[in-house]
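Colleague: Starting off with a structure, shown below.
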2 protein chains.
Amino acid sequence: MDTRSTILNAAVQVFSQHGFRGSTTRRIADAASVNEVTIFRYFGSKEALLQEAIRGSDVSAFKNPLPAEPENPLQELTQWSTAVITHLHARSSVIRKCMGEMEERPELSGNATEAPIRATSELCTYFRKLRSRGFTEQEFDPAVASAMLIGSLFHDAMGRDMMPDAYPKPANKAPGKYAQFILRALGVKETQAAKAPRES
Amino acid sequence: MDTRSTILNAAVQVFSQHGFRGSTTRRIADAASVNEVTIFRYFGSKEALLQEAIRGSDVSAFKNPLPAEPENPLQELTQWSTAVITHLHARSSVIRKCMGEMEERPELSGNATEAPIRATSELCTYFRKLRSRGFTEQEFDPAVASAMLIGSLFHDAMGRDMMPDAYPKPANKAPGKYAQFILRALGVKETQAAKAPRES
DNA sequence: GATGTAAGCAAGTGGCCACTTGCATACATC
DNA sequence: GATGTATGCAAGTGGCCACTTGCTTACATC
C-alpha cells in the first residue's frame, strides 16, 4: 500500500478512537509508521487530511440493495437488515464520533447523512412494492415502517455493546426479529414468509 | 444562583457544544461569567468539574412513567413516546457528545446508559401487561417491541434535525405514529385505541 | 556516475492549554 | 475596626500542538 493511503487509513482509525481534537498529527503519524512531516507534505494540514480521510472512507458506502421485486419478504428483509446492522456495527466508533462532531464541524462528516437517507428511501419503496404486489393485508404508512426499521437497526448497532440487556438476544437473531415484527404490522402472511426458504 | 451551580451549568452547556477536549477552562469560565481561577478553587481540575457537571445533569433523569394498569394503550403510549422524544431531542447535543466520548472517557458519561435501560424495561413490562390483560391479539416478543419503539424514538430525536426527509412528518405527529404502528403489530384493536380519546 | 524523488530526522516557532501563585478587592460578621 | 471569606486580576510555568525549515539518506532512472 502506498504512503498516501497508509496515512489516510491511519487517520480514520485514530479519528474513530479520539475524535478530531484528539487526532494529533503525531498520533496519526505513529499509527501510520510515518514521519510527522510526511503528513504535511502530502496533505498540507491536519484539517485537509481528516476531511479527505473521512469523506473518502467507506462510512457512507453501503451497497446492499433490496430486490426490485419482492418474492420472500421475511427472508429478503432479514438478510438486508443483517447486512445493515453488520455494516453499522463495524463502523460504530466512527459513526459515533461523526455524530458528536457534526454540529461543530459539518464539513468533516457532512456526507454521513447520505447513507441513512438513501437506505430509508430504498426501504420505503420496497414496502410500497410489498403493498402494491398484494403481500400486505393491513393499511400502513411506508414512511413510518421504514423509519422504524432503520431506527431499530441503528439503535441496536450503536447501543448493544454498551447496554446488552436493552436488546433482544441473541444479537445475530435480532435483525430477523425486527424484520419479522415489521412485517407482522404490515399484515404480511407469516406462512408465506416462513415457508419460502424451503422452496429454494 | 450560587457560583458553584452557575459554573456547573456553564460546563454542561460548553461541553454539549464542544465536547471534552473542546471544553477549555477559559471557555467555561467565560460562559459562567466567572474568573478562570474560581473554577479550580471550586473543583480542583477540569476533569472533576466536567464529571460532576455531566453526572449531575439531568441527562439521565427521565421521569415519565407509563401507567401501571393500561387502559387506553394508544393514548398512553403516544403520550409517553412524545415525552421521551421531547426529552431526548432537547438533550440531543449532550447525548451525541456523550456517545462519542464514552469509549474514551467512560467515567464521564458512564451513567448515560441508565435511562435507556430503565425506559426499555419499563416499556417491556407495559407490553407484557397489555398481553396479560387481553389487549393483544397476536403473539409477540415484548423485548423486540420495546427495543424497536425505543430505537425509533431515539433515532428520530437524534437524526431528524440533520435529515428531516428520513422521518415521518409532521414531527409532532411522529411519536403517535410509531406507537400506533407498534400496537398494530401486537394486534391491539384499532377501535379500542382510537375511540377511547372521545370517551374521556 | 549524475540527477530526481520520496522519505526521515532534528530543531524550532508561536499558540493554546491546564493549572499555580501572589496579591488586591469587596463584603460580612464579630 | 479587625478578621474571615469569596472572588477578581496579572503573571507565569511546563506541556502539547500544528506547522515549518534545513538537512540527510535511500533508491531509482537515465
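In the C-alpha cells, chains take letters A, B, ... by order of appearance, with residues numbered from 1 within each chain and ligands from 1 in the order shown.
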Give me the RMSD in Å over all C-alpha atoms, paired in order, after least-squares superposition of chain B onto chain A.

Modeller: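 Answer to one decimal place: 0.1 Å.
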
Colleague: Just need the residues of chain D within 9 Å of chain A, counting only C-alpha atoms (C1' of nucleotides), so spit them out as a ChimeraX atom specification.

Modeller: /D:17-19

Colleague: At a cut-off of 10 Å, can you tabulate as CSV every residue of chain A near chain C together with its closest atom pair and the distance in Å to one decimal, using only C-alpha atoms (C1' of nucleotides) and ordering rows by chain then number?

Modeller:
residue,atom,partner,partner_atom,distance
A:Thr3,CA,C:DA7,C1',9.7
A:Val34,CA,C:DA7,C1',8.6
A:Asn35,CA,C:DG8,C1',6.6
A:Glu36,CA,C:DG8,C1',9.5
A:Val37,CA,C:DG8,C1',8.8
A:Thr38,CA,C:DA7,C1',7.2

Colleague: Taking only C-alpha atoms into account, report as a VMD selection string which residues of chain A lie within 6 Å of chain B.

Modeller: chain A and resid 96 to 97 100 117 143 to 144 147 to 148 151 to 152 155 166 to 168 184 to 185

Colleague: Residues of stretch 2-156 of chain B in alpha helix (DSSP H) according to DSSP, as a PyMOL selection string?

Modeller: chain B and resi 3-22+25-32+36-43+46-56+73-90+92-101+106-109+114-132+142-156

Colleague: Extract, using only C-alpha atoms (C1' of nucleotides), all DNA, RNA and protein residues at most 9 Å from B:Pro70, discarding same-chain residues fewer than 6 positions from it, and format them as an MDAnalysis selection string.

Modeller: chainID B and resid 76 126 129:130 133 135

Colleague: With C-alpha atoms retained, could you export that selection as an mmCIF file, in the first residue's frame?

Modeller:
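The resulting file, result-v4.cif, is reproduced below:
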data_model
loop_
_atom_site.group_PDB
_atom_site.id
_atom_site.type_symbol
_atom_site.label_atom_id
_atom_site.label_comp_id
_atom_site.auth_asym_id
_atom_site.auth_seq_id
_atom_site.Cartn_x
_atom_site.Cartn_y
_atom_site.Cartn_z
ATOM 1 C CA GLU B 76 -50.926 6.212 26.834
ATOM 2 C CA TYR B 126 -46.073 -2.432 29.922
ATOM 3 C CA LYS B 129 -49.252 -6.252 30.797
ATOM 4 C CA LEU B 130 -51.036 -5.437 27.553
ATOM 5 C CA ARG B 133 -54.815 -8.081 30.213
ATOM 6 C CA PHE B 135 -55.398 -6.207 24.814
#

Colleague: Quick one: distance from atom CA of A:Pro170 to atom CA of B:Asn111 in Å, one decimal?

Modeller: 24.4 Å

Colleague: What gap, in Å, lies between atom CA of B:Pro106 and atom CA of B:Arg55?

Modeller: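 About the pair atom CA of B:Pro106 and atom CA of B:Arg55: they are 11.4 Å apart.
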
Colleague: Just the number, please: distance in Å from atom C1' of D:DA6 to atom CA of B:Ile28, one decimal.

Modeller: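 Here the two named atoms are 19.1 Å from each other.
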